[in-house]
$ cat structure.pdb   # PDB, C-alpha atoms
ATOM      1  CA  MET A  21       9.292  21.580 -21.634  1.00  0.00           C
ATOM      2  CA  GLY A  22      12.191  19.085 -21.625  1.00  0.00           C
ATOM      3  CA  ASP A  23      13.732  20.565 -18.469  1.00  0.00           C
ATOM      4  CA  ALA A  24      10.378  20.446 -16.672  1.00  0.00           C
ATOM      5  CA  ILE A  25       9.877  16.779 -17.552  1.00  0.00           C
ATOM      6  CA  LYS A  26      13.431  15.956 -16.481  1.00  0.00           C
ATOM      7  CA  THR A  27      12.850  17.708 -13.136  1.00  0.00           C
ATOM      8  CA  PHE A  28       9.536  15.877 -12.660  1.00  0.00           C
ATOM      9  CA  ASP A  29      11.166  12.514 -13.414  1.00  0.00           C
ATOM     10  CA  GLU A  30      13.993  13.206 -10.969  1.00  0.00           C
ATOM     11  CA  CYS A  31      11.454  14.183  -8.304  1.00  0.00           C
ATOM     12  CA  GLY A  32       9.716  10.818  -8.823  1.00  0.00           C
ATOM     13  CA  ARG A  33      13.023   8.972  -8.491  1.00  0.00           C
ATOM     14  CA  ASP A  34      13.805  10.914  -5.297  1.00  0.00           C
ATOM     15  CA  SER A  35      10.405   9.941  -3.874  1.00  0.00           C
ATOM     16  CA  LEU A  36      11.087   6.262  -4.559  1.00  0.00           C
ATOM     17  CA  ARG A  37      14.457   6.553  -2.788  1.00  0.00           C
ATOM     18  CA  ASP A  38      12.769   8.266   0.181  1.00  0.00           C
ATOM     19  CA  TRP A  39      10.350   5.321   0.427  1.00  0.00           C
ATOM     20  CA  GLY A  40      13.233   2.837   0.402  1.00  0.00           C
ATOM     21  CA  VAL A  41      12.737   1.684  -3.206  1.00  0.00           C
ATOM     22  CA  ASP A  42      15.579   1.592  -5.742  1.00  0.00           C
ATOM     23  CA  PRO A  43      14.421   3.628  -8.771  1.00  0.00           C
ATOM     24  CA  ASP A  44      16.932   1.873 -11.061  1.00  0.00           C
ATOM     25  CA  VAL A  45      15.402  -1.512 -10.203  1.00  0.00           C
ATOM     26  CA  GLU A  46      11.859  -0.115 -10.278  1.00  0.00           C
ATOM     27  CA  GLU A  47      12.132   0.969 -13.916  1.00  0.00           C
ATOM     28  CA  LYS A  48      13.217  -2.574 -14.909  1.00  0.00           C
ATOM     29  CA  ILE A  49      10.254  -4.341 -13.293  1.00  0.00           C
ATOM     30  CA  ALA A  50       8.310  -6.432 -15.802  1.00  0.00           C
ATOM     31  CA  ARG A  51       5.603  -7.567 -13.363  1.00  0.00           C
ATOM     32  CA  PRO A  52       4.666  -5.351 -10.395  1.00  0.00           C
ATOM     33  CA  VAL A  53       3.783  -6.585  -6.909  1.00  0.00           C
ATOM     34  CA  TRP A  54       0.539  -8.504  -7.136  1.00  0.00           C
ATOM     35  CA  ALA A  55      -2.028  -9.361  -4.471  1.00  0.00           C
ATOM     36  CA  PRO A  56      -3.979 -12.562  -5.226  1.00  0.00           C
ATOM     37  CA  ASP A  57      -7.065 -11.833  -3.084  1.00  0.00           C
ATOM     38  CA  VAL A  58      -6.943  -8.716  -0.911  1.00  0.00           C
ATOM     39  CA  SER A  59     -10.603  -9.063   0.106  1.00  0.00           C
ATOM     40  CA  LYS A  60      -9.711 -12.106   2.233  1.00  0.00           C
ATOM     41  CA  TRP A  61      -7.395  -9.999   4.380  1.00  0.00           C
ATOM     42  CA  PHE A  62     -10.187  -7.757   5.726  1.00  0.00           C
ATOM     43  CA  SER A  63     -13.562  -8.423   7.311  1.00  0.00           C
ATOM     44  CA  ALA A  64     -16.379  -6.481   8.953  1.00  0.00           C
ATOM     45  CA  GLN A  65     -14.807  -7.317  12.341  1.00  0.00           C
ATOM     46  CA  ASP A  66     -11.855  -5.080  11.420  1.00  0.00           C
ATOM     47  CA  TYR A  67     -14.036  -1.960  11.474  1.00  0.00           C
ATOM     48  CA  PRO A  68     -12.939   0.111  14.516  1.00  0.00           C
ATOM     49  CA  THR A  69     -15.702  -0.417  17.097  1.00  0.00           C
ATOM     50  CA  ALA A  70     -15.730   3.186  18.289  1.00  0.00           C
ATOM     51  CA  MET A  71     -16.139   4.363  14.709  1.00  0.00           C
ATOM     52  CA  VAL A  72     -19.068   2.001  14.063  1.00  0.00           C
ATOM     53  CA  ARG A  73     -20.854   3.393  17.135  1.00  0.00           C
ATOM     54  CA  VAL A  74     -20.692   6.955  15.827  1.00  0.00           C
ATOM     55  CA  GLY A  75     -21.297   5.985  12.199  1.00  0.00           C
ATOM     56  CA  GLU A  76     -17.886   7.244  11.082  1.00  0.00           C
ATOM     57  CA  GLU A  77     -16.782   6.095   7.623  1.00  0.00           C
ATOM     58  CA  SER A  78     -13.409   6.329   5.928  1.00  0.00           C
ATOM     59  CA  ILE A  79     -11.411   5.668   2.801  1.00  0.00           C
ATOM     60  CA  VAL A  80      -7.820   4.723   3.613  1.00  0.00           C
ATOM     61  CA  LYS A  81      -5.072   4.628   1.001  1.00  0.00           C
ATOM     62  CA  VAL A  82      -1.807   2.921   1.938  1.00  0.00           C
ATOM     63  CA  ARG A  83       1.589   2.211   0.422  1.00  0.00           C
ATOM     64  CA  LEU A  84       3.330  -0.991   1.430  1.00  0.00           C
ATOM     65  CA  LEU A  85       6.938  -1.869   0.836  1.00  0.00           C
ATOM     66  CA  VAL A  86       7.122  -5.514  -0.219  1.00  0.00           C
ATOM     67  CA  ASP A  87      10.331  -7.527  -0.118  1.00  0.00           C
ATOM     68  CA  ALA A  88      11.526 -10.023  -2.726  1.00  0.00           C
ATOM     69  CA  THR A  89       9.737 -12.874  -0.900  1.00  0.00           C
ATOM     70  CA  GLY A  90       6.356 -11.100  -1.003  1.00  0.00           C
ATOM     71  CA  LYS A  91       6.339 -10.064   2.649  1.00  0.00           C
ATOM     72  CA  PRO A  92       5.239  -6.508   3.504  1.00  0.00           C
ATOM     73  CA  THR A  93       7.997  -4.726   5.413  1.00  0.00           C
ATOM     74  CA  LYS A  94       6.521  -1.261   5.943  1.00  0.00           C
ATOM     75  CA  CYS A  95       3.075   0.304   5.697  1.00  0.00           C
ATOM     76  CA  THR A  96       2.535   4.029   5.255  1.00  0.00           C
ATOM     77  CA  SER A  97      -0.908   5.589   5.337  1.00  0.00           C
ATOM     78  CA  LEU A  98      -1.397   8.070   2.524  1.00  0.00           C
ATOM     79  CA  SER A  99      -4.667   9.247   4.106  1.00  0.00           C
ATOM     80  CA  HIS A 100      -4.579  11.979   6.688  1.00  0.00           C
ATOM     81  CA  PHE A 101      -7.451  11.999   9.133  1.00  0.00           C
ATOM     82  CA  LYS A 102      -7.705  13.440  12.611  1.00  0.00           C
ATOM     83  CA  GLU A 103      -9.065  10.025  13.648  1.00  0.00           C
ATOM     84  CA  THR A 104      -6.175   7.644  13.009  1.00  0.00           C
ATOM     85  CA  SER A 105      -7.846   4.382  14.066  1.00  0.00           C
ATOM     86  CA  PHE A 106      -8.809   3.581  10.459  1.00  0.00           C
ATOM     87  CA  ASN A 107      -5.222   4.061   9.263  1.00  0.00           C
ATOM     88  CA  ASP A 108      -3.881   2.003  12.161  1.00  0.00           C
ATOM     89  CA  VAL A 109      -6.267  -0.896  11.481  1.00  0.00           C
ATOM     90  CA  VAL A 110      -5.488  -1.004   7.767  1.00  0.00           C
ATOM     91  CA  CYS A 111      -1.710  -0.997   8.249  1.00  0.00           C
ATOM     92  CA  ASP A 112      -1.934  -3.531  11.079  1.00  0.00           C
ATOM     93  CA  LYS A 113      -4.027  -5.958   9.024  1.00  0.00           C
ATOM     94  CA  PHE A 114      -1.854  -5.637   5.927  1.00  0.00           C
ATOM     95  CA  MET A 115       1.319  -6.199   7.942  1.00  0.00           C
ATOM     96  CA  ARG A 116      -0.090  -9.224   9.798  1.00  0.00           C
ATOM     97  CA  ARG A 117      -2.216 -10.887   7.108  1.00  0.00           C
ATOM     98  CA  ALA A 118      -0.905  -9.947   3.687  1.00  0.00           C
ATOM     99  CA  HIS A 119       1.409 -11.917   1.476  1.00  0.00           C
ATOM    100  CA  PHE A 120       2.090 -10.836  -2.074  1.00  0.00           C
ATOM    101  CA  GLU A 121       3.513 -12.156  -5.266  1.00  0.00           C
ATOM    102  CA  PRO A 122       6.649  -9.991  -5.393  1.00  0.00           C
ATOM    103  CA  ALA A 123       7.684  -7.790  -8.281  1.00  0.00           C
ATOM    104  CA  GLU A 124       9.743  -9.499 -10.969  1.00  0.00           C
ATOM    105  CA  LEU A 125      12.252  -8.446 -13.567  1.00  0.00           C
ATOM    106  CA  ALA A 126      11.926  -9.773 -17.131  1.00  0.00           C
ATOM    107  CA  ASP A 127      14.254 -12.688 -16.305  1.00  0.00           C
ATOM    108  CA  GLY A 128      12.032 -13.779 -13.380  1.00  0.00           C
ATOM    109  CA  THR A 129      14.258 -12.350 -10.645  1.00  0.00           C
ATOM    110  CA  ARG A 130      12.093 -11.301  -7.708  1.00  0.00           C
ATOM    111  CA  VAL A 131      12.839  -7.828  -6.368  1.00  0.00           C
ATOM    112  CA  PRO A 132      11.569  -5.538  -3.613  1.00  0.00           C
ATOM    113  CA  SER A 133       9.055  -2.919  -4.677  1.00  0.00           C
ATOM    114  CA  TYR A 134       5.906  -1.232  -3.419  1.00  0.00           C
ATOM    115  CA  TYR A 135       2.144  -1.766  -3.554  1.00  0.00           C
ATOM    116  CA  THR A 136      -0.699   0.690  -3.005  1.00  0.00           C
ATOM    117  CA  ASN A 137      -4.283  -0.066  -2.082  1.00  0.00           C
ATOM    118  CA  VAL A 138      -7.463   1.580  -0.863  1.00  0.00           C
ATOM    119  CA  VAL A 139      -9.645   0.153   1.901  1.00  0.00           C
ATOM    120  CA  ILE A 140     -13.146   1.556   2.276  1.00  0.00           C
ATOM    121  CA  PHE A 141     -15.019   1.536   5.592  1.00  0.00           C
ATOM    122  CA  ARG A 142     -18.772   2.035   5.130  1.00  0.00           C
ATOM    123  CA  VAL A 143     -21.535   1.618   7.710  1.00  0.00           C
ATOM    124  CA  GLN A 144     -24.378  -0.491   6.316  1.00  0.00           C
ATOM    125  CA  HIS A 145     -27.753   1.165   6.920  1.00  0.00           C
TER     126      HIS A 145
END

$ encode --input "structure.pdb" --output "structure tokens"
Amino acid sequence: MGDAIKTFDECGRDSLRDWGVDPDVEEKIARPVWAPDVSKWFSAQDYPTAMVRVGEESIVKVRLLVDATGKPTKCTSLSHFKETSFNDVVCDKFMRRAHFEPAELADGTRVPSYYTNVVIFRVQH
């Protein structure tokens, strides 16, 4: 079982590197990236108009890379839909509107890290 866990851990570290995150720094983070009020970054007007017309709904999960100042530097949709307008809207709004409290080490040093979130698009009936 030890070899399997070691392989799994190394796979996780490789994934962090692929995203652009330093796994050595990541394991020292005392306070992860924090978003004070995500709900203020999205409104009903952000719902893709074409999707409202056809009653299309979606749940979009994203991963954002956040620098040491709290600015998002990259957004990756973790949802895979044939209709990409939901993914595009979510990443666009996060990149333009979001500002985070960056991750911190125990000594208060701010470091780059990542943040994940889910945005739900529902048509009100």

$ resolve_selection --input "structure.pdb" --expression "the PyMOL selection byres ((chain A and resi 48) around 12)" --output "PDB file with C-alpha atoms, keeping the file's coordinate frame"
ATOM      1  CA  ASP A  42      15.579   1.592  -5.742  1.00  0.00           C
ATOM      2  CA  PRO A  43      14.421   3.628  -8.771  1.00  0.00           C
ATOM      3  CA  ASP A  44      16.932   1.873 -11.061  1.00  0.00           C
ATOM      4  CA  VAL A  45      15.402  -1.512 -10.203  1.00  0.00           C
ATOM      5  CA  GLU A  46      11.859  -0.115 -10.278  1.00  0.00           C
ATOM      6  CA  GLU A  47      12.132   0.969 -13.916  1.00  0.00           C
ATOM      7  CA  ILE A  49      10.254  -4.341 -13.293  1.00  0.00           C
ATOM      8  CA  ALA A  50       8.310  -6.432 -15.802  1.00  0.00           C
ATOM      9  CA  ARG A  51       5.603  -7.567 -13.363  1.00  0.00           C
ATOM     10  CA  PRO A  52       4.666  -5.351 -10.395  1.00  0.00           C
ATOM     11  CA  ALA A 123       7.684  -7.790  -8.281  1.00  0.00           C
ATOM     12  CA  GLU A 124       9.743  -9.499 -10.969  1.00  0.00           C
ATOM     13  CA  LEU A 125      12.252  -8.446 -13.567  1.00  0.00           C
ATOM     14  CA  ALA A 126      11.926  -9.773 -17.131  1.00  0.00           C
ATOM     15  CA  ASP A 127      14.254 -12.688 -16.305  1.00  0.00           C
ATOM     16  CA  GLY A 128      12.032 -13.779 -13.380  1.00  0.00           C
ATOM     17  CA  THR A 129      14.258 -12.350 -10.645  1.00  0.00           C
ATOM     18  CA  ARG A 130      12.093 -11.301  -7.708  1.00  0.00           C
ATOM     19  CA  VAL A 131      12.839  -7.828  -6.368  1.00  0.00           C
ATOM     20  CA  PRO A 132      11.569  -5.538  -3.613  1.00  0.00           C
ATOM     21  CA  SER A 133       9.055  -2.919  -4.677  1.00  0.00           C
TER      22      SER A 133
END

$ residues_around --input "structure.pdb" --residues "Arg116 of chain A" --least-positions-apart "2" --cutoff "10 Å" --atoms "all atoms listed in the file" --output "list in words"
Trp61, Lys91, Pro92, Cys111, Asp112, Lys113, Phe114, Ala118 and His119 of chain A

$ resolve_selection --input "structure.pdb" --expression "the PyMOL selection byres ((chain A and resi 99-106) around 9)" --output "list in words"
Tyr67, Pro68, Met71, Glu77, Ser78, Ile79, Val80, Lys81, Val82, Thr96, Ser97, Leu98, Asn107, Asp108, Val109, Val110, Cys111 and Phe141 of chain A

$ write_last_selection --input "structure.pdb" --atoms "C-alpha atoms" --output "mmCIF file, in the frame of the given file"
data_model
loop_
_atom_site.group_PDB
_atom_site.id
_atom_site.type_symbol
_atom_site.label_atom_id
_atom_site.label_comp_id
_atom_site.auth_asym_id
_atom_site.auth_seq_id
_atom_site.Cartn_x
_atom_site.Cartn_y
_atom_site.Cartn_z
ATOM 1 C CA TYR A 67 -14.036 -1.960 11.474
ATOM 2 C CA PRO A 68 -12.939 0.111 14.516
ATOM 3 C CA MET A 71 -16.139 4.363 14.709
ATOM 4 C CA GLU A 77 -16.782 6.095 7.623
ATOM 5 C CA SER A 78 -13.409 6.329 5.928
ATOM 6 C CA ILE A 79 -11.411 5.668 2.801
ATOM 7 C CA VAL A 80 -7.820 4.723 3.613
ATOM 8 C CA LYS A 81 -5.072 4.628 1.001
ATOM 9 C CA VAL A 82 -1.807 2.921 1.938
ATOM 10 C CA THR A 96 2.535 4.029 5.255
ATOM 11 C CA SER A 97 -0.908 5.589 5.337
ATOM 12 C CA LEU A 98 -1.397 8.070 2.524
ATOM 13 C CA ASN A 107 -5.222 4.061 9.263
ATOM 14 C CA ASP A 108 -3.881 2.003 12.161
ATOM 15 C CA VAL A 109 -6.267 -0.896 11.481
ATOM 16 C CA VAL A 110 -5.488 -1.004 7.767
ATOM 17 C CA CYS A 111 -1.710 -0.997 8.249
ATOM 18 C CA PHE A 141 -15.019 1.536 5.592
#

$ atom_distance --input "structure.pdb" --atom1 "atom CA of Thr136 of chain A" --atom2 "atom CA of Val72 of chain A"
25.1 Å

$ closest_residue --input "structure.pdb" --among "A:Leu36, A:Cys31, A:Leu84, A:Ala24" --to "Trp54 of chain A" --atoms "only C-alpha atoms"
A:Leu84

$ axis_aligned_box --input "structure.pdb" --around "segment 41-55 of chain A" --padding-each-side "8 Å" --output "AutoDock Vina command-line options"
--center_x 7.5 --center_y -2.9 --center_z -9.5 --size_x 35.0 --size_y 29.0 --size_z 28.6

$ decode --input "structure.pdb" --residues "segment 31-139 of chain A" --atoms "C-alpha atoms" --output "short mmCIF file (atom, residue, chain, number, x, y, z; two decimals), in the first residue's frame"
data_model
loop_
_atom_site.label_atom_id
_atom_site.label_comp_id
_atom_site.auth_asym_id
_atom_site.auth_seq_id
_atom_site.Cartn_x
_atom_site.Cartn_y
_atom_site.Cartn_z
CA CYS A 31 0.90 12.25 -9.29
CA GLY A 32 -0.71 15.06 -7.26
CA ARG A 33 2.59 16.96 -7.15
CA ASP A 34 2.98 16.52 -10.93
CA SER A 35 -0.53 17.90 -11.46
CA LEU A 36 0.30 21.00 -9.41
CA ARG A 37 3.46 21.54 -11.49
CA ASP A 38 1.43 21.14 -14.70
CA TRP A 39 -0.94 23.87 -13.47
CA GLY A 40 1.99 26.20 -12.73
CA VAL A 41 1.90 25.77 -8.94
CA ASP A 42 4.99 24.88 -6.90
CA PRO A 43 4.12 21.76 -4.86
CA ASP A 44 6.90 22.48 -2.33
CA VAL A 45 5.36 25.89 -1.57
CA GLU A 46 1.81 24.50 -1.70
CA GLU A 47 2.45 22.03 1.13
CA LYS A 48 3.70 24.88 3.36
CA ILE A 49 0.63 27.08 2.93
CA ALA A 50 -1.00 27.92 6.27
CA ARG A 51 -3.92 29.89 4.80
CA PRO A 52 -5.22 29.05 1.31
CA VAL A 53 -6.44 31.58 -1.26
CA TRP A 54 -9.60 33.16 0.08
CA ALA A 55 -12.41 34.97 -1.72
CA PRO A 56 -14.20 37.54 0.48
CA ASP A 57 -17.51 37.67 -1.44
CA VAL A 58 -17.69 35.72 -4.69
CA SER A 59 -21.43 36.37 -5.09
CA LYS A 60 -20.70 40.03 -5.87
CA TRP A 61 -18.67 39.04 -8.92
CA PHE A 62 -21.64 37.48 -10.76
CA SER A 63 -25.14 38.65 -11.57
CA ALA A 64 -28.16 37.49 -13.56
CA GLN A 65 -26.94 39.67 -16.45
CA ASP A 66 -23.95 37.32 -16.84
CA TYR A 67 -26.19 34.45 -17.94
CA PRO A 68 -25.47 33.83 -21.66
CA THR A 69 -28.48 35.30 -23.49
CA ALA A 70 -28.71 32.50 -26.04
CA MET A 71 -28.76 29.95 -23.23
CA VAL A 72 -31.56 31.77 -21.37
CA ARG A 73 -33.69 31.71 -24.54
CA VAL A 74 -33.46 27.93 -24.83
CA GLY A 75 -33.66 27.32 -21.08
CA GLU A 76 -30.18 25.80 -20.94
CA GLU A 77 -28.69 25.46 -17.45
CA SER A 78 -25.16 24.63 -16.36
CA ILE A 79 -22.83 24.01 -13.47
CA VAL A 80 -19.32 25.29 -14.20
CA LYS A 81 -16.32 24.37 -12.08
CA VAL A 82 -13.13 26.39 -12.57
CA ARG A 83 -9.58 26.50 -11.27
CA LEU A 84 -7.89 29.88 -11.06
CA LEU A 85 -4.22 30.52 -10.54
CA VAL A 86 -3.85 33.42 -8.11
CA ASP A 87 -0.62 35.37 -7.72
CA ALA A 88 0.89 36.61 -4.46
CA THR A 89 -1.02 39.92 -4.76
CA GLY A 90 -4.41 38.18 -5.04
CA LYS A 91 -4.83 38.72 -8.77
CA PRO A 92 -6.09 35.80 -10.88
CA THR A 93 -3.59 35.02 -13.63
CA LYS A 94 -5.19 32.04 -15.37
CA CYS A 95 -8.62 30.43 -15.43
CA THR A 96 -9.19 26.84 -16.49
CA SER A 97 -12.65 25.37 -16.84
CA LEU A 98 -12.90 21.94 -15.25
CA SER A 99 -16.34 21.44 -16.82
CA HIS A 100 -16.58 20.00 -20.29
CA PHE A 101 -19.70 20.91 -22.21
CA LYS A 102 -20.35 21.01 -25.93
CA GLU A 103 -21.74 24.52 -25.33
CA THR A 104 -18.75 26.50 -24.08
CA SER A 105 -20.45 29.87 -23.53
CA PHE A 106 -21.01 29.10 -19.83
CA ASN A 107 -17.33 28.26 -19.32
CA ASP A 108 -16.26 31.36 -21.25
CA VAL A 109 -18.49 33.67 -19.20
CA VAL A 110 -17.32 32.27 -15.87
CA CYS A 111 -13.62 32.55 -16.70
CA ASP A 112 -14.09 36.01 -18.21
CA LYS A 113 -15.90 37.33 -15.13
CA PHE A 114 -13.42 35.83 -12.69
CA MET A 115 -10.47 37.24 -14.62
CA ARG A 116 -12.00 40.72 -14.92
CA ARG A 117 -13.79 41.09 -11.57
CA ALA A 118 -12.15 38.87 -8.99
CA HIS A 119 -9.57 39.82 -6.43
CA PHE A 120 -8.54 37.40 -3.72
CA GLU A 121 -6.76 37.33 -0.44
CA PRO A 122 -3.67 35.38 -1.54
CA ALA A 123 -2.39 32.21 0.07
CA GLU A 124 -0.02 32.73 2.99
CA LEU A 125 2.73 30.76 4.65
CA ALA A 126 2.81 30.51 8.46
CA ASP A 127 5.10 33.56 8.65
CA GLY A 128 2.60 35.70 6.68
CA THR A 129 4.50 35.57 3.38
CA ARG A 130 2.01 35.76 0.52
CA VAL A 131 2.54 33.15 -2.19
CA PRO A 132 0.93 32.16 -5.49
CA SER A 133 -1.51 29.28 -5.33
CA TYR A 134 -4.81 28.18 -6.83
CA TYR A 135 -8.52 28.52 -6.10
CA THR A 136 -11.46 26.43 -7.30
CA ASN A 137 -15.10 27.41 -7.45
CA VAL A 138 -18.43 26.33 -8.89
CA VAL A 139 -20.86 28.71 -10.58
#
